[in-house]
Amino acid sequence: MSQRNSGYPPALLVLVLSTVLMVSGFSMMWPLVTLYVHSRLGLPMSWAGVVLLVQSAANLGGNLVGGPLFDTWGGRRTVLVGACSASLAAFGMALTHGLYPYLAMTVVLGFGTGLIYPSINAFAAQVWPDGQRAAFNAVYVASNVGVAVGSMAGGLLAEIRFSLSFTVTGIVMLVYACVVLVGMRAPAFGPARATPHQVLPGGPAAPRGPAELWRLAPWLLALGLFLDWTAYVQWQTTVAVHMEVLGFALSRYSLLWTVNGVLILAGQPLVAWFTRQVPAVKLQMLLGNVLFILSFVLLLRARAYSAFLGGMALTTLGEMFVWPGVPAAADRLAPEGRRGLYQGLVSGAASTGRAAGPLFGGLLYDRFPTQVLFLVMIAVFIVGLAVLAVYDRFPPRTVRREAAVPPGY
């Protein structure tokens, strides 16, 4: 029986379980940055913003370096370097105190985890070539499970002692490195094998080498993802402040993210059904953007808690189509031997959006009414929709054939 008929291939299951472990480790720390800098180090909130910006910049650097390293070093070696770097940084945070040592370790941690993410997505495509979007969706769900587990564990550990949270993070990342070293020895994790291509009308195959990134298609795809993340991240920043101003308790805001996690898991059958009906990844991404827009239209006049719940539900459905869809589209664009490069590009675009979004949204929130902020973010989503609608009109001369959606996905 083929892998497609018997479910996920074993190599993808290893990748999914290891991703849960890695993301759980990282997620024990990143939600605590503001609290640690402000409460433990006694510094103004502005410094917490600086630390988050530095961490995002380091993560972006790791994304941009990690993608090409996957293509040259191989994924296992790249992931091992990233995991060991992140583990050492976490142990360093537990042993040292003060802003500047913490800032230095934050750079190492952000860069190390940034190295890992492009390899995870590139591996998803490599270990299940016929899976297409299903492989990326499995990694996406695993990441969300890791965020939920890690955030909860990190908060509980930090209530005892911040250094305990850092130490456990270091241990988890070290265990993750061991899992990669021992569990990723299958041929599926080895050097990439050739993948069938089709030649598009208009000329011969695209040349190999760095010149491939001068082509518009991957950059437009990355731009669309950057715009989506810039607006989406407002849910994690300005929307929280807006709800507090309206008189909602912090627990009610936190409940929105519980709803987000539950919907991601419970909504997989719906996503599976829809992707069977509409297998084109591009159409799935466009639908996701429309849902993003509708969610912020709902926020424009939101005063009742039900409106925020509805907005979060629409946003969650949107991300379920866009976040796994973009790396799947990038993999289809990537020429042979450049899978990691393209995954690094879109991972870097997401990191840049997560870094720029809070600053952009904060400036708008401070200077204009909240409705103006939401209108601007709707416009950002619309531009993202337009970019994703045309990105594949500028393809490289060769692209991977789009595989059929696996049964049951």
# chains A, B, ... in the order shown; residues from 1 in each chain; ligands from 1
call {"tool": "residues_around", "arguments": {"residues": "stretch 238-255 of chain A", "least_positions_apart": "2", "cutoff": "10 Å", "atoms": "only C-alpha atoms", "output": "MDAnalysis selection string"}}
result
chainID A and resid 233:236 257:261 299 302:305 308:309 357:359 361:362 364:366 370 373:374
call {"tool": "residues_around", "arguments": {"residues": "A:Ser56", "least_positions_apart": "6", "cutoff": "10 Å", "atoms": "only C-alpha atoms", "output": "compact mmCIF listing (two decimals) with C-alpha atoms, in the first residue's frame"}}
result
# COMPACT_ATOMS: atom_id res chain seq x y z
CA VAL A 50 13.92 46.80 22.16
CA GLY A 62 18.70 32.94 11.12
CA THR A 106 18.54 36.70 23.06
CA VAL A 107 20.47 37.29 19.83
CA GLY A 110 16.75 34.14 18.03
CA PHE A 111 19.39 33.30 15.44
CA GLY A 114 15.73 31.11 13.02
CA GLY A 348 12.24 35.63 6.83
CA SER A 351 9.74 37.14 10.91
CA THR A 352 9.96 40.63 9.41
CA GLY A 353 6.18 41.04 9.59
CA ARG A 354 6.13 39.91 13.21
CA ALA A 355 8.84 42.49 13.98
CA ALA A 356 7.40 45.39 11.98
call {"tool": "residues_around", "arguments": {"residues": "A:Ala153", "least_positions_apart": "5", "cutoff": "10 Å", "atoms": "only C-alpha atoms", "output": "PyMOL selection string"}}
result
chain A and resi 24-25+27-29+147-148+158+165+168-169
call {"tool": "atom_distance", "arguments": {"atom1": "atom CA of A:Leu21", "atom2": "atom CA of A:Ser347"}}
result
19.3 Å
call {"tool": "closest_residue", "arguments": {"among": "A:Ile116, A:Ala104, A:Val37, A:Val322", "to": "A:Trp229", "atoms": "only C-alpha atoms"}}
result
A:Val322
call {"tool": "residues_around", "arguments": {"residues": "A:Gly318", "least_positions_apart": "5", "cutoff": "6 Å", "atoms": "only C-alpha atoms", "output": "PyMOL selection string"}}
result
chain A and resi 288+291-292
call {"tool": "residues_around", "arguments": {"residues": "A:Met105", "least_positions_apart": "4", "cutoff": "7 Å", "atoms": "only C-alpha atoms", "output": "PDB file with N, CA and C atoms, in the first residue's frame"}}
result
ATOM      1  N   ALA A  89      22.157  29.270  24.622  1.00  0.00           N
ATOM      2  CA  ALA A  89      21.637  30.599  24.960  1.00  0.00           C
ATOM      3  C   ALA A  89      20.688  30.532  26.149  1.00  0.00           C
ATOM      4  N   GLY A  92      22.605  30.038  29.215  1.00  0.00           N
ATOM      5  CA  GLY A  92      23.266  31.297  29.538  1.00  0.00           C
ATOM      6  C   GLY A  92      22.342  32.276  30.238  1.00  0.00           C
ATOM      7  N   MET A  93      21.087  32.328  29.818  1.00  0.00           N
ATOM      8  CA  MET A  93      20.116  33.206  30.468  1.00  0.00           C
ATOM      9  C   MET A  93      19.870  32.786  31.913  1.00  0.00           C
ATOM     10  N   PRO A 101      23.856  40.905  29.180  1.00  0.00           N
ATOM     11  CA  PRO A 101      23.993  39.459  28.959  1.00  0.00           C
ATOM     12  C   PRO A 101      22.713  38.831  28.406  1.00  0.00           C
ATOM     13  N   LEU A 109      19.776  33.047  20.799  1.00  0.00           N
ATOM     14  CA  LEU A 109      18.555  32.239  20.788  1.00  0.00           C
ATOM     15  C   LEU A 109      17.736  32.509  19.527  1.00  0.00           C
TER      16      LEU A 109
END
call {"tool": "atom_distance", "arguments": {"atom1": "atom CA of A:His38", "atom2": "atom CA of A:Ile160"}}
result
17.1 Å
call {"tool": "closest_residue", "arguments": {"among": "A:Val145, A:Ile378, A:Ala231, A:Ala94", "to": "A:Thr19", "atoms": "only C-alpha atoms"}}
result
A:Val145
call {"tool": "closest_residue", "arguments": {"among": "A:Val33, A:Val179, A:Ala83, A:Leu225", "to": "A:Gly154", "atoms": "only C-alpha atoms"}}
result
A:Val33
call {"tool": "select_by_dssp", "arguments": {"residues": "stretch 9-99 of chain A", "states": "alpha helix (DSSP H)", "output": "number ranges by chain"}}
result
A: 10-27, 33-35, 45-72, 75-95, 99
call {"tool": "write_last_selection", "arguments": {"atoms": "C-alpha atoms", "output": "PDB file, in the first residue's frame"}}
result
ATOM      1  CA  PRO A  10       6.999   7.686   9.072  1.00  0.00           C
ATOM      2  CA  ALA A  11       9.591  10.379   8.331  1.00  0.00           C
ATOM      3  CA  LEU A  12       6.920  13.088   8.468  1.00  0.00           C
ATOM      4  CA  LEU A  13       5.660  11.762  11.804  1.00  0.00           C
ATOM      5  CA  VAL A  14       9.210  12.056  13.166  1.00  0.00           C
ATOM      6  CA  LEU A  15       9.366  15.619  11.838  1.00  0.00           C
ATOM      7  CA  VAL A  16       5.988  16.514  13.358  1.00  0.00           C
ATOM      8  CA  LEU A  17       6.799  15.123  16.818  1.00  0.00           C
ATOM      9  CA  SER A  18      10.213  16.787  16.863  1.00  0.00           C
ATOM     10  CA  THR A  19       8.604  20.083  15.814  1.00  0.00           C
ATOM     11  CA  VAL A  20       6.228  19.912  18.776  1.00  0.00           C
ATOM     12  CA  LEU A  21       9.258  19.430  21.032  1.00  0.00           C
ATOM     13  CA  MET A  22      11.271  22.285  19.506  1.00  0.00           C
ATOM     14  CA  VAL A  23       8.433  24.804  19.483  1.00  0.00           C
ATOM     15  CA  SER A  24       7.467  23.849  23.043  1.00  0.00           C
ATOM     16  CA  GLY A  25      10.996  24.669  24.166  1.00  0.00           C
ATOM     17  CA  PHE A  26      11.134  28.044  22.424  1.00  0.00           C
ATOM     18  CA  SER A  27       7.597  28.930  23.528  1.00  0.00           C
ATOM     19  CA  VAL A  33      10.258  38.547  27.542  1.00  0.00           C
ATOM     20  CA  THR A  34       8.196  41.591  28.507  1.00  0.00           C
ATOM     21  CA  LEU A  35       7.543  40.308  32.015  1.00  0.00           C
ATOM     22  CA  MET A  45       8.550  48.792  28.902  1.00  0.00           C
ATOM     23  CA  SER A  46      10.398  50.500  26.058  1.00  0.00           C
ATOM     24  CA  TRP A  47      13.386  48.252  26.781  1.00  0.00           C
ATOM     25  CA  ALA A  48      11.147  45.216  26.485  1.00  0.00           C
ATOM     26  CA  GLY A  49      10.238  46.453  23.018  1.00  0.00           C
ATOM     27  CA  VAL A  50      13.921  46.803  22.157  1.00  0.00           C
ATOM     28  CA  VAL A  51      14.610  43.228  23.294  1.00  0.00           C
ATOM     29  CA  LEU A  52      11.698  41.895  21.212  1.00  0.00           C
ATOM     30  CA  LEU A  53      12.905  43.833  18.179  1.00  0.00           C
ATOM     31  CA  VAL A  54      16.449  42.488  18.584  1.00  0.00           C
ATOM     32  CA  GLN A  55      15.134  38.944  18.971  1.00  0.00           C
ATOM     33  CA  SER A  56      13.008  39.289  15.833  1.00  0.00           C
ATOM     34  CA  ALA A  57      15.958  40.709  13.879  1.00  0.00           C
ATOM     35  CA  ALA A  58      18.168  37.809  14.992  1.00  0.00           C
ATOM     36  CA  ASN A  59      15.411  35.366  14.058  1.00  0.00           C
ATOM     37  CA  LEU A  60      15.188  36.958  10.614  1.00  0.00           C
ATOM     38  CA  GLY A  61      18.948  36.608  10.188  1.00  0.00           C
ATOM     39  CA  GLY A  62      18.701  32.935  11.117  1.00  0.00           C
ATOM     40  CA  ASN A  63      15.907  32.422   8.574  1.00  0.00           C
ATOM     41  CA  LEU A  64      17.911  33.987   5.759  1.00  0.00           C
ATOM     42  CA  VAL A  65      21.044  31.992   6.612  1.00  0.00           C
ATOM     43  CA  GLY A  66      19.269  28.730   7.474  1.00  0.00           C
ATOM     44  CA  GLY A  67      17.584  28.352   4.094  1.00  0.00           C
ATOM     45  CA  PRO A  68      20.798  28.371   2.006  1.00  0.00           C
ATOM     46  CA  LEU A  69      22.515  26.195   4.642  1.00  0.00           C
ATOM     47  CA  PHE A  70      19.832  23.548   4.107  1.00  0.00           C
ATOM     48  CA  ASP A  71      20.774  23.469   0.429  1.00  0.00           C
ATOM     49  CA  THR A  72      24.540  23.329   1.039  1.00  0.00           C
ATOM     50  CA  GLY A  75      19.021  19.965   6.924  1.00  0.00           C
ATOM     51  CA  ARG A  76      20.188  17.770   9.818  1.00  0.00           C
ATOM     52  CA  ARG A  77      23.434  19.672  10.299  1.00  0.00           C
ATOM     53  CA  THR A  78      21.689  23.051  10.049  1.00  0.00           C
ATOM     54  CA  VAL A  79      19.028  22.058  12.584  1.00  0.00           C
ATOM     55  CA  LEU A  80      21.641  20.658  14.970  1.00  0.00           C
ATOM     56  CA  VAL A  81      23.624  23.913  14.913  1.00  0.00           C
ATOM     57  CA  GLY A  82      20.447  25.912  15.535  1.00  0.00           C
ATOM     58  CA  ALA A  83      19.223  23.661  18.348  1.00  0.00           C
ATOM     59  CA  CYS A  84      22.582  23.581  20.147  1.00  0.00           C
ATOM     60  CA  SER A  85      22.931  27.372  19.833  1.00  0.00           C
ATOM     61  CA  ALA A  86      19.439  27.902  21.264  1.00  0.00           C
ATOM     62  CA  SER A  87      20.145  25.464  24.103  1.00  0.00           C
ATOM     63  CA  LEU A  88      23.395  27.215  25.068  1.00  0.00           C
ATOM     64  CA  ALA A  89      21.637  30.599  24.960  1.00  0.00           C
ATOM     65  CA  ALA A  90      18.872  29.388  27.274  1.00  0.00           C
ATOM     66  CA  PHE A  91      21.391  27.993  29.764  1.00  0.00           C
ATOM     67  CA  GLY A  92      23.266  31.297  29.538  1.00  0.00           C
ATOM     68  CA  MET A  93      20.116  33.206  30.468  1.00  0.00           C
ATOM     69  CA  ALA A  94      19.663  30.978  33.509  1.00  0.00           C
ATOM     70  CA  LEU A  95      23.234  31.589  34.702  1.00  0.00           C
ATOM     71  CA  LEU A  99      20.191  43.455  30.498  1.00  0.00           C
TER      72      LEU A  99
END
call {"tool": "residues_around", "arguments": {"residues": "A:Leu385", "least_positions_apart": "2", "cutoff": "12 Å", "atoms": "only C-alpha atoms", "output": "PyMOL selection string"}}
result
chain A and resi 220-221+223-228+282-293+318+322+378-383+387-391
call {"tool": "closest_residue", "arguments": {"among": "A:Ala222, A:Ala125, A:Ala386, A:Leu300", "to": "A:Ala349", "atoms": "only C-alpha atoms"}}
result
A:Ala222
call {"tool": "closest_residue", "arguments": {"among": "A:Leu345, A:Ala313, A:Met320, A:Met173", "to": "A:Tyr140", "atoms": "only C-alpha atoms"}}
result
A:Met320
call {"tool": "atom_distance", "arguments": {"atom1": "atom CA of A:Gly183", "atom2": "atom CA of A:Arg339"}}
result
21.7 Å
